[in-house]
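File shown here: input-v4.txt, holding compact mmCIF, C-alpha atoms (C1' of nucleotides).
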```txt
# COMPACT_ATOMS: atom_id res chain seq x y z
CA MET Q 1 7.95 6.11 30.25
CA GLY Q 2 5.07 7.86 28.48
CA ARG Q 3 2.63 9.52 30.83
CA ALA Q 4 -1.03 8.72 30.72
CA VAL Q 5 -2.66 10.16 27.65
CA VAL Q 6 -6.29 10.35 26.65
CA VAL Q 7 -7.20 7.62 24.21
CA PRO Q 8 -8.40 9.73 21.30
CA LEU Q 9 -5.10 11.58 21.31
CA ARG Q 10 -3.16 8.49 20.26
CA LYS Q 11 -5.68 7.60 17.63
CA ARG Q 12 -5.60 11.11 16.33
CA ALA Q 13 -1.81 11.16 16.30
CA LEU Q 14 -1.77 7.90 14.34
CA ILE Q 15 -4.24 9.25 11.81
CA ASP Q 16 -2.18 12.40 11.35
CA ALA Q 17 0.93 10.28 10.96
CA ALA Q 18 -0.86 8.14 8.41
CA ILE Q 19 -1.78 11.20 6.36
CA ALA Q 20 1.80 12.39 6.47
CA ALA Q 21 3.20 8.99 5.51
CA ILE Q 22 0.70 8.44 2.71
CA GLY Q 23 1.17 11.97 1.44
CA GLU Q 24 4.93 11.64 1.39
CA ARG Q 25 4.97 8.28 -0.28
CA GLY Q 26 2.11 9.09 -2.61
CA SER Q 27 0.33 5.82 -2.02
CA LEU Q 28 -1.21 3.62 0.64
CA ASP Q 29 1.82 1.39 0.43
CA VAL Q 30 3.16 2.51 3.78
CA THR Q 31 4.07 0.28 6.69
CA MET Q 32 2.47 0.28 10.09
CA SER Q 33 5.94 0.77 11.54
CA ASP Q 34 6.44 3.90 9.48
CA ILE Q 35 3.13 5.37 10.57
CA ALA Q 36 3.62 4.39 14.19
CA GLY Q 37 7.17 5.72 14.16
CA ARG Q 38 5.98 9.11 12.93
CA ALA Q 39 3.45 9.17 15.74
CA GLY Q 40 6.23 8.31 18.19
CA VAL Q 41 4.83 4.94 19.22
CA SER Q 42 5.46 1.31 18.43
CA SER Q 43 3.70 -0.50 15.62
CA ALA Q 44 2.15 -2.82 18.20
CA LEU Q 45 0.30 0.15 19.63
CA ALA Q 46 -1.15 1.04 16.27
CA HIS Q 47 -2.52 -2.47 16.07
CA HIS Q 48 -3.80 -2.18 19.61
CA TYR Q 49 -5.89 0.86 18.70
CA PHE Q 50 -6.97 0.03 15.20
CA GLY Q 51 -6.84 -3.73 15.00
CA ALA Q 52 -5.75 -3.99 11.41
CA LYS Q 53 -4.03 -1.72 8.94
CA ASP Q 54 -7.21 -1.52 6.85
CA GLU Q 55 -9.05 0.01 9.74
CA LEU Q 56 -6.41 2.65 10.34
CA LEU Q 57 -6.49 3.58 6.67
CA PHE Q 58 -10.26 3.63 6.70
CA ALA Q 59 -10.29 5.90 9.75
CA THR Q 60 -7.77 8.14 8.02
CA MET Q 61 -9.92 8.49 4.93
CA ARG Q 62 -12.96 9.17 7.08
CA HIS Q 63 -11.03 11.87 8.86
CA LEU Q 64 -10.11 13.59 5.60
CA LEU Q 65 -13.70 13.37 4.43
CA SER Q 66 -15.06 14.77 7.63
CA GLU Q 67 -12.66 17.73 7.58
CA LEU Q 68 -13.60 18.52 4.00
CA GLY Q 69 -17.24 18.18 4.93
CA SER Q 70 -17.10 20.63 7.77
CA ASP Q 71 -15.12 23.11 5.67
CA VAL Q 72 -17.78 22.93 2.99
CA ARG Q 73 -20.60 23.32 5.48
CA ALA Q 74 -18.96 26.38 6.99
CA ALA Q 75 -18.42 27.98 3.60
CA LEU Q 76 -21.97 27.31 2.45
CA THR Q 77 -23.55 29.09 5.39
CA LYS Q 78 -21.72 32.24 4.36
CA ALA Q 79 -22.76 32.00 0.72
CA ALA Q 80 -25.62 34.22 -0.38
CA GLY Q 81 -27.45 32.97 -3.44
CA PRO Q 82 -26.90 30.10 -5.87
CA ARG Q 83 -23.96 31.59 -7.76
CA ALA Q 84 -22.13 32.17 -4.49
CA ARG Q 85 -22.83 28.60 -3.42
CA ILE Q 86 -21.02 27.28 -6.46
CA SER Q 87 -18.03 29.50 -5.79
CA ALA Q 88 -18.00 28.51 -2.14
CA VAL Q 89 -17.81 24.80 -2.96
CA VAL Q 90 -15.05 25.39 -5.48
CA ALA Q 91 -13.10 27.62 -3.13
CA VAL Q 92 -13.16 25.09 -0.31
CA ASN Q 93 -11.85 22.30 -2.51
CA PHE Q 94 -8.87 24.44 -3.38
CA SER Q 95 -8.51 26.14 -0.03
CA ALA Q 96 -5.17 26.24 1.75
CA HIS Q 97 -6.54 23.71 4.19
CA GLN Q 98 -7.49 21.13 1.55
CA PHE Q 99 -5.19 21.78 -1.38
CA ARG Q 100 -1.97 20.74 0.34
CA PRO Q 101 0.40 18.28 -1.32
CA GLU Q 102 0.04 15.55 1.28
CA ILE Q 103 -3.73 15.83 1.35
CA ILE Q 104 -3.97 15.68 -2.41
CA ALA Q 105 -1.65 12.72 -2.63
CA ALA Q 106 -3.65 10.93 0.04
CA TRP Q 107 -6.93 11.53 -1.78
CA LEU Q 108 -5.50 10.14 -4.96
CA ALA Q 109 -4.16 7.09 -3.17
CA PHE Q 110 -7.54 6.46 -1.57
CA TYR Q 111 -9.26 6.82 -4.92
CA VAL Q 112 -7.09 4.06 -6.27
CA GLU Q 113 -7.49 1.82 -3.27
CA SER Q 114 -11.26 2.21 -3.40
CA GLN Q 115 -11.28 0.05 -6.49
CA ARG Q 116 -10.42 -2.85 -4.24
CA SER Q 117 -12.03 -1.93 -0.95
CA ALA Q 118 -15.80 -1.79 -0.73
CA PRO Q 119 -15.93 0.21 2.52
CA LEU Q 120 -13.57 2.79 1.07
CA ARG Q 121 -15.64 2.93 -2.08
CA ARG Q 122 -18.74 3.59 -0.03
CA LEU Q 123 -16.98 6.43 1.76
CA LEU Q 124 -15.83 8.04 -1.47
CA ARG Q 125 -19.26 7.72 -2.96
CA ILE Q 126 -20.58 9.76 -0.07
CA TYR Q 127 -18.07 12.47 -0.89
CA ALA Q 128 -18.95 12.37 -4.58
CA ARG Q 129 -22.67 12.60 -3.89
CA ARG Q 130 -22.21 15.47 -1.49
CA LEU Q 131 -20.04 17.39 -3.91
CA HIS Q 132 -22.56 16.82 -6.68
CA ALA Q 133 -25.50 17.83 -4.52
CA ASN Q 134 -23.78 21.00 -3.34
CA LEU Q 135 -22.88 22.06 -6.85
CA LEU Q 136 -26.32 21.15 -8.11
CA SER Q 137 -27.99 23.25 -5.46
CA GLY Q 138 -26.31 26.22 -7.05
CA PHE Q 139 -26.64 25.33 -10.71
CA SER Q 140 -30.26 24.25 -10.59
CA ALA Q 141 -31.35 27.75 -9.62
CA LEU Q 142 -29.56 29.15 -12.67
CA LEU Q 143 -30.04 26.57 -15.40
CA PRO Q 144 -32.72 24.20 -16.63
CA ARG Q 145 -32.70 20.94 -14.74
CA GLU Q 146 -30.98 18.79 -17.31
CA GLU Q 147 -28.28 21.36 -17.97
CA ALA Q 148 -27.73 21.94 -14.28
CA GLU Q 149 -27.12 18.22 -13.80
CA ARG Q 150 -24.53 18.17 -16.51
CA ALA Q 151 -22.85 21.33 -15.33
CA ALA Q 152 -22.54 19.92 -11.83
CA GLU Q 153 -21.18 16.67 -13.19
CA ALA Q 154 -18.59 18.41 -15.33
CA THR Q 155 -17.56 20.79 -12.57
CA ALA Q 156 -17.00 17.91 -10.18
CA ALA Q 157 -14.95 16.06 -12.78
CA LEU Q 158 -12.93 19.18 -13.48
CA ILE Q 159 -12.13 19.55 -9.80
CA ASP Q 160 -10.99 15.93 -9.63
CA GLY Q 161 -8.88 16.41 -12.74
CA LEU Q 162 -7.18 19.45 -11.29
CA TYR Q 163 -6.42 17.48 -8.15
CA ILE Q 164 -4.67 14.83 -10.19
CA ARG Q 165 -2.63 17.34 -12.10
CA ARG Q 166 -1.63 18.94 -8.87
CA ALA Q 167 -0.58 15.61 -7.43
CA LEU Q 168 1.70 15.11 -10.42
CA LYS Q 169 3.06 18.64 -10.04
CA ASP Q 170 2.29 19.19 -13.70
CA GLY Q 171 1.30 22.77 -14.32
CA LEU Q 172 -1.10 24.24 -11.76
CA PRO Q 173 1.40 26.38 -9.85
CA ASN Q 174 -1.07 27.28 -7.11
CA SER Q 175 -4.62 26.98 -5.96
CA ALA Q 176 -5.59 30.40 -7.30
CA SER Q 177 -5.00 29.27 -10.87
CA ALA Q 178 -7.03 26.13 -10.25
CA ILE Q 179 -9.91 28.15 -8.86
CA SER Q 180 -9.82 30.54 -11.78
CA LEU Q 181 -9.96 27.65 -14.26
CA VAL Q 182 -13.06 26.26 -12.59
CA GLU Q 183 -14.68 29.65 -12.23
CA ASP Q 184 -14.03 30.36 -15.89
CA PHE Q 185 -15.74 27.13 -16.73
CA VAL Q 186 -18.75 27.98 -14.60
CA GLU Q 187 -18.97 31.42 -16.17
CA ALA Q 188 -18.75 29.96 -19.65
CA LYS Q 189 -21.57 27.56 -18.85
CA LEU Q 190 -23.78 30.27 -17.41
CA SER Q 191 -23.10 32.88 -20.04
CA GLN Q 192 -23.72 30.28 -22.74
CA ALA Q 193 -27.17 29.76 -21.26
CA GLY Q 194 -27.73 33.50 -21.10
CA VAL Q 195 -27.86 33.84 -17.35
CA ALA Q 196 -27.82 37.44 -16.24
CA ARG Q 197 -25.17 38.27 -13.69
CA MET Z 1 8.26 8.69 -37.75
CA GLY Z 2 7.50 5.80 -35.45
CA ARG Z 3 9.87 3.05 -36.35
CA ALA Z 4 8.39 -0.28 -35.61
CA VAL Z 5 10.30 -1.86 -32.78
CA VAL Z 6 9.95 -5.59 -32.86
CA VAL Z 7 8.83 -6.72 -29.46
CA PRO Z 8 9.57 -10.37 -28.82
CA LEU Z 9 6.48 -12.51 -28.47
CA ARG Z 10 7.07 -13.26 -24.80
CA LYS Z 11 7.72 -9.66 -23.87
CA ARG Z 12 4.52 -8.61 -25.52
CA ALA Z 13 2.55 -11.38 -23.82
CA LEU Z 14 3.95 -10.30 -20.45
CA ILE Z 15 3.04 -6.67 -21.06
CA ASP Z 16 -0.51 -7.65 -22.01
CA ALA Z 17 -0.71 -9.81 -18.91
CA ALA Z 18 0.55 -6.92 -16.81
CA ILE Z 19 -2.18 -4.63 -18.16
CA ALA Z 20 -4.80 -7.26 -17.40
CA ALA Z 21 -3.48 -7.87 -13.89
CA ILE Z 22 -3.13 -4.18 -13.07
CA GLY Z 23 -6.52 -3.41 -14.53
CA GLU Z 24 -8.20 -6.14 -12.57
CA ARG Z 25 -6.56 -5.30 -9.29
CA GLY Z 26 -6.79 -1.56 -9.82
CA SER Z 27 -3.23 -0.91 -8.73
CA LEU Z 28 0.37 -1.74 -9.47
CA ASP Z 29 0.39 -3.96 -6.43
CA VAL Z 30 0.47 -7.13 -8.48
CA THR Z 31 2.97 -9.93 -8.18
CA MET Z 32 5.37 -11.05 -10.87
CA SER Z 33 3.96 -14.55 -10.42
CA ASP Z 34 0.47 -13.31 -11.17
CA ILE Z 35 1.56 -11.52 -14.32
CA ALA Z 36 3.74 -14.39 -15.48
CA GLY Z 37 0.98 -16.87 -14.74
CA ARG Z 38 -1.47 -14.94 -16.91
CA ALA Z 39 1.07 -14.99 -19.70
CA GLY Z 40 1.46 -18.73 -19.23
CA VAL Z 41 5.09 -18.64 -18.15
CA SER Z 42 7.05 -18.81 -14.93
CA SER Z 43 7.93 -15.74 -12.93
CA ALA Z 44 11.60 -16.50 -13.51
CA LEU Z 45 11.05 -15.92 -17.21
CA ALA Z 46 9.54 -12.53 -16.57
CA HIS Z 47 12.69 -11.61 -14.70
CA HIS Z 48 14.77 -13.06 -17.50
CA TYR Z 49 13.18 -10.71 -20.02
CA PHE Z 50 12.69 -7.58 -17.96
CA GLY Z 51 15.29 -7.80 -15.23
CA ALA Z 52 13.24 -6.22 -12.50
CA LYS Z 53 9.58 -5.65 -11.83
CA ASP Z 54 10.02 -1.91 -12.23
CA GLU Z 55 11.19 -2.39 -15.77
CA LEU Z 56 8.23 -4.55 -16.70
CA LEU Z 57 5.88 -1.94 -15.29
CA PHE Z 58 7.75 0.80 -17.07
CA ALA Z 59 7.53 -1.07 -20.36
CA THR Z 60 3.82 -1.60 -19.75
CA MET Z 61 3.21 2.10 -19.22
CA ARG Z 62 5.25 2.91 -22.30
CA HIS Z 63 3.14 0.49 -24.26
CA LEU Z 64 -0.09 2.14 -23.16
CA LEU Z 65 1.32 5.55 -23.99
CA SER Z 66 2.47 4.47 -27.41
CA GLU Z 67 -0.90 2.96 -28.27
CA LEU Z 68 -2.68 6.12 -27.22
CA GLY Z 69 -0.18 8.15 -29.20
CA SER Z 70 -0.71 6.27 -32.41
CA ASP Z 71 -4.48 6.42 -31.99
CA VAL Z 72 -4.27 10.18 -31.58
CA ARG Z 73 -1.98 10.56 -34.57
CA ALA Z 74 -4.34 8.55 -36.73
CA ALA Z 75 -7.34 10.59 -35.65
CA LEU Z 76 -5.60 13.91 -36.19
CA THR Z 77 -4.74 13.19 -39.80
CA LYS Z 78 -8.44 12.78 -40.51
CA ALA Z 79 -9.42 16.00 -38.75
CA ALA Z 80 -10.13 19.00 -40.96
CA GLY Z 81 -9.71 22.31 -39.22
CA PRO Z 82 -9.02 23.35 -35.63
CA ARG Z 83 -12.46 22.59 -34.21
CA ALA Z 84 -12.30 19.10 -35.61
CA ARG Z 85 -8.83 18.61 -34.13
CA ILE Z 86 -10.19 19.27 -30.67
CA SER Z 87 -13.01 16.80 -31.16
CA ALA Z 88 -10.61 14.23 -32.55
CA VAL Z 89 -8.39 14.37 -29.49
CA VAL Z 90 -11.37 14.11 -27.18
CA ALA Z 91 -12.89 11.26 -29.14
CA VAL Z 92 -9.70 9.20 -29.02
CA ASN Z 93 -9.33 9.55 -25.29
CA PHE Z 94 -12.82 8.12 -24.87
CA SER Z 95 -12.69 5.69 -27.77
CA ALA Z 96 -13.60 2.06 -27.31
CA HIS Z 97 -9.93 1.22 -27.59
CA GLN Z 98 -8.80 3.52 -24.77
CA PHE Z 99 -11.80 3.88 -22.49
CA ARG Z 100 -11.86 0.28 -21.29
CA PRO Z 101 -12.04 -0.50 -17.57
CA GLU Z 102 -8.66 -2.21 -17.36
CA ILE Z 103 -6.93 0.53 -19.34
CA ILE Z 104 -8.46 3.24 -17.21
CA ALA Z 105 -7.56 1.47 -13.99
CA ALA Z 106 -4.01 0.99 -15.23
CA TRP Z 107 -3.64 4.66 -16.11
CA LEU Z 108 -4.84 5.68 -12.69
CA ALA Z 109 -2.44 3.26 -11.02
CA PHE Z 110 0.46 4.61 -13.05
CA TYR Z 111 -0.50 8.16 -12.17
CA VAL Z 112 -0.20 7.28 -8.53
CA GLU Z 113 3.04 5.39 -8.91
CA SER Z 114 4.58 8.26 -10.82
CA GLN Z 115 4.73 10.22 -7.60
CA ARG Z 116 7.45 7.84 -6.51
CA SER Z 117 9.13 6.87 -9.74
CA ALA Z 118 11.02 9.50 -11.69
CA PRO Z 119 11.13 7.54 -14.96
CA LEU Z 120 7.40 6.97 -14.82
CA ARG Z 121 6.86 10.64 -14.07
CA ARG Z 122 8.91 11.56 -17.12
CA LEU Z 123 6.78 9.26 -19.25
CA LEU Z 124 3.53 10.73 -17.99
CA ARG Z 125 4.80 14.23 -18.51
CA ILE Z 126 5.33 13.37 -22.15
CA TYR Z 127 1.70 12.28 -22.37
CA ALA Z 128 0.50 15.44 -20.62
CA ARG Z 129 2.52 17.70 -22.88
CA ARG Z 130 1.32 15.93 -25.98
CA LEU Z 131 -2.30 16.12 -24.92
CA HIS Z 132 -1.90 19.79 -24.12
CA ALA Z 133 -0.16 20.54 -27.41
CA ASN Z 134 -2.78 18.71 -29.42
CA LEU Z 135 -5.64 20.52 -27.75
CA LEU Z 136 -3.84 23.83 -28.00
CA SER Z 137 -3.29 23.38 -31.72
CA GLY Z 138 -7.06 23.46 -32.04
CA PHE Z 139 -7.92 26.13 -29.51
CA SER Z 140 -5.27 28.61 -30.53
CA ALA Z 141 -6.83 29.00 -33.95
CA LEU Z 142 -10.15 29.86 -32.35
CA LEU Z 143 -9.30 31.88 -29.26
CA PRO Z 144 -6.78 34.50 -28.20
CA ARG Z 145 -3.53 32.96 -27.04
CA GLU Z 146 -4.03 33.31 -23.33
CA GLU Z 147 -7.56 31.99 -23.45
CA ALA Z 148 -6.55 29.12 -25.68
CA GLU Z 149 -3.92 28.08 -23.15
CA ARG Z 150 -6.44 28.04 -20.38
CA ALA Z 151 -9.06 26.23 -22.42
CA ALA Z 152 -6.55 23.52 -23.31
CA GLU Z 153 -5.49 23.22 -19.68
CA ALA Z 154 -9.06 22.92 -18.45
CA THR Z 155 -10.04 20.45 -21.16
CA ALA Z 156 -7.11 18.21 -20.31
CA ALA Z 157 -8.00 18.34 -16.63
CA LEU Z 158 -11.62 17.57 -17.42
CA ILE Z 159 -10.60 14.51 -19.39
CA ASP Z 160 -8.46 13.31 -16.50
CA GLY Z 161 -11.29 13.91 -14.08
CA LEU Z 162 -13.71 11.91 -16.17
CA TYR Z 163 -11.20 9.07 -16.27
CA ILE Z 164 -11.08 8.99 -12.50
CA ARG Z 165 -14.82 9.00 -12.17
CA ARG Z 166 -15.02 6.19 -14.63
CA ALA Z 167 -12.45 4.20 -12.70
CA LEU Z 168 -14.60 4.54 -9.61
CA LYS Z 169 -17.69 3.57 -11.61
CA ASP Z 170 -19.41 6.65 -10.26
CA GLY Z 171 -21.81 8.06 -12.81
CA LEU Z 172 -20.47 8.14 -16.35
CA PRO Z 173 -22.35 5.16 -17.71
CA ASN Z 174 -20.53 5.17 -21.04
CA SER Z 175 -17.99 6.95 -23.15
CA ALA Z 176 -20.65 8.81 -25.14
CA SER Z 177 -21.76 10.73 -22.08
CA ALA Z 178 -18.16 11.57 -21.24
CA ILE Z 179 -17.54 12.86 -24.75
CA SER Z 180 -20.68 14.95 -24.65
CA LEU Z 181 -19.65 16.54 -21.36
CA VAL Z 182 -16.31 17.55 -22.78
CA GLU Z 183 -17.80 18.74 -26.06
CA ASP Z 184 -20.34 20.82 -24.15
CA PHE Z 185 -17.51 22.39 -22.27
CA VAL Z 186 -15.63 23.20 -25.46
CA GLU Z 187 -18.76 24.67 -26.99
CA ALA Z 188 -19.40 26.77 -23.92
CA LYS Z 189 -15.87 28.11 -24.05
CA LEU Z 190 -16.06 28.94 -27.74
CA SER Z 191 -19.53 30.43 -27.70
CA GLN Z 192 -18.58 32.53 -24.71
CA ALA Z 193 -15.77 34.00 -26.81
CA GLY Z 194 -18.13 34.56 -29.70
CA VAL Z 195 -16.62 32.08 -32.11
CA ALA Z 196 -18.82 31.42 -35.10
CA ARG Z 197 -19.78 27.81 -35.53
C1' DC I 1 29.23 -26.59 -29.13
C1' DT I 2 27.43 -22.24 -28.09
C1' DT I 3 23.59 -19.45 -27.35
C1' DT I 4 18.90 -18.77 -26.01
C1' DA I 5 14.53 -20.22 -23.62
C1' DT I 6 12.61 -21.92 -19.68
C1' DT I 7 11.81 -23.70 -15.15
C1' DG I 8 11.67 -25.30 -10.03
C1' DA I 9 13.78 -24.49 -6.04
C1' DT I 10 15.75 -21.36 -3.01
C1' DT I 11 17.13 -17.13 -0.63
C1' DG I 12 16.60 -12.92 1.75
C1' DA I 13 13.95 -9.14 2.87
C1' DT I 14 9.89 -7.01 4.29
C1' DC I 15 5.73 -6.68 6.97
C1' DA I 16 1.21 -7.40 9.23
C1' DG I 17 -0.31 -9.22 13.11
C1' DT I 18 0.32 -11.63 17.87
C1' DC I 19 1.76 -12.18 22.57
C1' DA I 20 3.54 -12.11 26.91
C1' DA I 21 5.58 -8.88 29.92
C1' DT I 22 5.96 -4.24 32.26
C1' DG I 23 4.24 -0.25 33.95
C1' DA I 24 1.08 3.37 35.14
C1' DA I 25 -3.44 5.03 36.63
C1' DC I 26 -7.79 4.27 39.09
C1' DG I 27 -10.84 2.97 42.48
C1' DG I 28 -12.23 0.84 46.34
C1' DC I 29 -11.55 -1.02 51.21
C1' DT I 30 -9.84 -0.45 55.70
C1' DA F 1 -2.96 7.36 54.42
C1' DG F 2 -1.54 2.78 52.79
C1' DC F 3 -2.54 -1.58 50.39
C1' DC F 4 -4.65 -4.48 46.56
C1' DG F 5 -6.66 -5.76 42.39
C1' DT F 6 -8.36 -4.47 37.95
C1' DT F 7 -7.87 -2.26 33.83
C1' DC F 8 -5.62 0.32 30.30
C1' DA F 9 -1.21 1.75 27.80
C1' DT F 10 2.82 0.36 25.80
C1' DT F 11 6.57 -2.25 24.15
C1' DG F 12 10.19 -5.71 22.21
C1' DA F 13 10.45 -9.90 20.41
C1' DC F 14 8.53 -13.27 17.62
C1' DT F 15 5.84 -15.72 13.80
C1' DG F 16 4.15 -16.63 9.37
C1' DA F 17 3.21 -15.20 4.97
C1' DT F 18 4.36 -13.06 0.85
C1' DC F 19 7.32 -11.87 -2.88
C1' DA F 20 11.16 -10.08 -5.73
C1' DA F 21 15.17 -11.75 -7.31
C1' DT F 22 18.78 -15.44 -8.14
C1' DC F 23 20.67 -19.70 -9.75
C1' DA F 24 21.72 -23.97 -11.30
C1' DA F 25 19.80 -27.23 -14.30
C1' DT F 26 17.48 -28.83 -18.61
C1' DA F 27 15.98 -28.52 -23.17
C1' DA F 28 15.93 -26.72 -27.73
C1' DA F 29 17.80 -24.22 -31.59
C1' DG F 30 21.16 -22.91 -34.73
```
Go ahead and express the file in the form of C-alpha cells.
Amino acid sequence: MGRAVVVPLRKRALIDAAIAAIGERGSLDVTMSDIAGRAGVSSALAHHYFGAKDELLFATMRHLLSELGSDVRAALTKAAGPRARISAVVAVNFSAHQFRPEIIAAWLAFYVESQRSAPLRRLLRIYARRLHANLLSGFSALLPREEAERAAEATAALIDGLYIRRALKDGLPNSASAISLVEDFVEAKLSQAGVAR
Amino acid sequence: MGRAVVVPLRKRALIDAAIAAIGERGSLDVTMSDIAGRAGVSSALAHHYFGAKDELLFATMRHLLSELGSDVRAALTKAAGPRARISAVVAVNFSAHQFRPEIIAAWLAFYVESQRSAPLRRLLRIYARRLHANLLSGFSALLPREEAERAAEATAALIDGLYIRRALKDGLPNSASAISLVEDFVEAKLSQAGVAR
DNA sequence: CTTTATTGATTGATCAGTCAATGAACGGCT
DNA sequence: AGCCGTTCATTGACTGATCAATCAATAAAG
C-alpha cells in the first residue's frame, strides 16, 4: 500500500512518535507497538530501522538535544554582551519550542533512564556541560572566576528544578514566570556582587 | 501530632528492600521478586502484605515522605528566628540522612511515576506544599509578601534541581557544596532586598 | 480448631525481537 | 518499450522471556 518514502522520513516520524508517546506517558516505559502505531507503521518496521528499542530511544534523546542545541546557538548569536548571553540561554530553555509538556516529560524520563544507560548518560553530560559553559561565558565577564562558576552551577540547577516542577504541574503556570524567577536570581547574584547595570 | 503507626516487621523490611532496589536501579522498574528477595522472603509474601505492586510502591514513597517530614520537624524546633528556619529546611534536605544516593534516586523515580499515578501525585504535592510553607515561614518575615513567595518558590526549585544533578552524579561532589549553593542564593536574595544580617 | 505466615508452582498478559513473505522501486540489458 | 534481477520497504504472525498476581498447600501460633 504505502508509496515509496525517503528513508529519513520514517525514522523522523518514529522519533516524533516516540517523543509524543514518552511525553504522554511521562516515562520511557512505552512499547514499540505504541510508538510505531503513532507513526502509522508496524512495530516490525521500527525494529527494521532502529534495531532495538534502546537505539530508538537514544536517537530520540539525541534529537531533543540537537534541537535544543541549535535553538541555543541561534539565540546566542543575537545576544550582545555577557548579560544578554545569560538571558538568551535562559530564554531558550523556557521558550515555547522547548518548554512544552511532552518535551519536559521526555527530558525528565531520559534523566531517570540515564542512571542505567551509559550512552544516555554521556549524551546528557554533553548537554549539562554545554549549558554550564554557555552560562559561564556570561557570568565570568561579570563576576570573579570562582563566583561565576558557582552562579552558573546554581542557575543550571535552578533551570532543572523548574523543569521538574513544570513536569509535575505544580505551580509554574507558564514559562514567563519561570523565566522571571531565573532572571530574578541572576539579578540578585549580580547586584549582590555590585555589578553595574 | 504524629501518632506512631506500628508497621509490621515484614512490611517494614519490604519497604526498606524496595528503597534499596529502586535506588540501585534508579527507577521504579523493579520486580516484586527482586524486592522480596532482598527482604529475604518470597514474592508471594510481598503480595500477601501489600496486595499489589502499586501499593508497595505507594507505601514506600509515603515512608520516605514521612521520614523527611519528621527530620524537618525536628530541625525546625531547634531553629531560632526566620533566617535560621530557612537554613534548617535547607540543611535537612541535604542532610546525611536524606542526601544519600539511593534516596535521591528513589525520589527522582517517584517524581517521574507521579505523572501517571494520581495517588503518588497527591503525595508529592503534600511534600511540595510543606517545603514551600516551611521556606515561606522564614522568608515572609524578611521580605515583602510577594518577594517572599517568589524566593520560596525559587529556593524549592533550586533544591529539586540540585537533587537531579546529584542523581546524575554531575558535579555536586557532596552535600556541603549543595548547601552552600542554596545558602548563597538565599543570601543574595536577602542582601538584594537590603535585609540586615 | 481457627487464624496468620509463608511458599512453590502456575497462570495469563505483555512485549521486544525475529522471520518469512509480499510488494514496490530501480537499474540495467536487449 | 518490455523483461529480469536486485534491493529496499513493509507487514502479520510467531517466539521466548519476563513478571504481576493467584492459589492451594504447609507450618506455626494462639
Next on the checklist: Residues within 7 Å of (1.4, 20.0, -18.3), file coordinates, counting only C-alpha atoms (C1' of nucleotides): what are they? Give the list as number ranges by chain.
Outcome noted: Q: 170-171; Z: 125, 128-129, 132
Next on the checklist: For a quick check of understanding, using all atoms listed in the file, which of Q:Asp34, Q:His48, Q:Ala17, Q:Leu28 has the smallest distance to chain F?
Outcome noted: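 Going through Q:Asp34, Q:His48, Q:Ala17, Q:Leu28 one by one, the smallest distance to chain F is for Q:His48.
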Next on the checklist: From the options Q:Ala21, Q:Val92, Q:Ile15, Q:Leu45, which residue's atoms come nearest to chain I, counting all atoms listed in the file?
Outcome noted: Q:Leu45
Checklist entry - With chain Z laid on chain Q by least squares, using all C-alpha atoms in order, how large is the RMSD? => result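 The RMSD between chain Z and chain Q over C-alpha atoms is 4.5 Å.
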Next on the checklist: Report, in Å with one decimal, the straight-line distance from atom CA of Q:Glu102 to atom CA of Q:Tyr127.
Outcome noted: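 Those two atoms sit 18.5 Å apart.
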Next on the checklist: At a cut-off of 9 Å, which residues of chain Z touch chain F? Count only C-alpha atoms (C1' of nucleotides) and give the answer as a VMD selection string.
Outcome noted: chain Z and resid 31 to 33 44 47 51 to 53
For chain I versus chain Q, which residues have an atom no more than 8 Å away, and what is each residue's nearest atom pair and distance in Å rounded to one decimal, using all atoms listed in the file, chain-then-number order, as a tab-separated table?
```
residue	atom	partner	partner_atom	distance
I:DC15	C1'	Q:Thr31	CA	7.2
I:DA16	C1'	Q:Lys53	CA	7.7
I:DG17	C1'	Q:His47	CA	7.7
I:DA24	C1'	Q:Ala4	CA	7.3
I:DA25	C1'	Q:Ala4	CA	7.4
```
Include C-alpha atoms (C1' of nucleotides) and write out the residues we just selected as a PDB file, in the coordinates of the input.
```pdb
ATOM      1  C1'  DC I  15       5.730  -6.680   6.970  1.00  0.00           C
ATOM      2  C1'  DA I  16       1.210  -7.400   9.230  1.00  0.00           C
ATOM      3  C1'  DG I  17      -0.310  -9.220  13.110  1.00  0.00           C
ATOM      4  C1'  DA I  24       1.080   3.370  35.140  1.00  0.00           C
ATOM      5  C1'  DA I  25      -3.440   5.030  36.630  1.00  0.00           C
TER       6       DA I  25
END
```
Checklist entry - Which residues, protein or nucleic acid, reach to within 12 Å of (-2.9, 12.3, 16.1) in the file's coordinates when using all atoms listed in the file, and can you give that as number ranges by chain? => result Q: 5-20, 35-36, 38-41, 46, 56, 59-60, 63
Keeping C-alpha atoms for every residue in the selection just given, could you write it to a file as an mmCIF file, keeping the file's coordinate frame?
```
data_model
loop_
_atom_site.group_PDB
_atom_site.id
_atom_site.type_symbol
_atom_site.label_atom_id
_atom_site.label_comp_id
_atom_site.auth_asym_id
_atom_site.auth_seq_id
_atom_site.Cartn_x
_atom_site.Cartn_y
_atom_site.Cartn_z
ATOM 1 C CA VAL Q 5 -2.660 10.160 27.650
ATOM 2 C CA VAL Q 6 -6.290 10.350 26.650
ATOM 3 C CA VAL Q 7 -7.200 7.620 24.210
ATOM 4 C CA PRO Q 8 -8.400 9.730 21.300
ATOM 5 C CA LEU Q 9 -5.100 11.580 21.310
ATOM 6 C CA ARG Q 10 -3.160 8.490 20.260
ATOM 7 C CA LYS Q 11 -5.680 7.600 17.630
ATOM 8 C CA ARG Q 12 -5.600 11.110 16.330
ATOM 9 C CA ALA Q 13 -1.810 11.160 16.300
ATOM 10 C CA LEU Q 14 -1.770 7.900 14.340
ATOM 11 C CA ILE Q 15 -4.240 9.250 11.810
ATOM 12 C CA ASP Q 16 -2.180 12.400 11.350
ATOM 13 C CA ALA Q 17 0.930 10.280 10.960
ATOM 14 C CA ALA Q 18 -0.860 8.140 8.410
ATOM 15 C CA ILE Q 19 -1.780 11.200 6.360
ATOM 16 C CA ALA Q 20 1.800 12.390 6.470
ATOM 17 C CA ILE Q 35 3.130 5.370 10.570
ATOM 18 C CA ALA Q 36 3.620 4.390 14.190
ATOM 19 C CA ARG Q 38 5.980 9.110 12.930
ATOM 20 C CA ALA Q 39 3.450 9.170 15.740
ATOM 21 C CA GLY Q 40 6.230 8.310 18.190
ATOM 22 C CA VAL Q 41 4.830 4.940 19.220
ATOM 23 C CA ALA Q 46 -1.150 1.040 16.270
ATOM 24 C CA LEU Q 56 -6.410 2.650 10.340
ATOM 25 C CA ALA Q 59 -10.290 5.900 9.750
ATOM 26 C CA THR Q 60 -7.770 8.140 8.020
ATOM 27 C CA HIS Q 63 -11.030 11.870 8.860
#
```
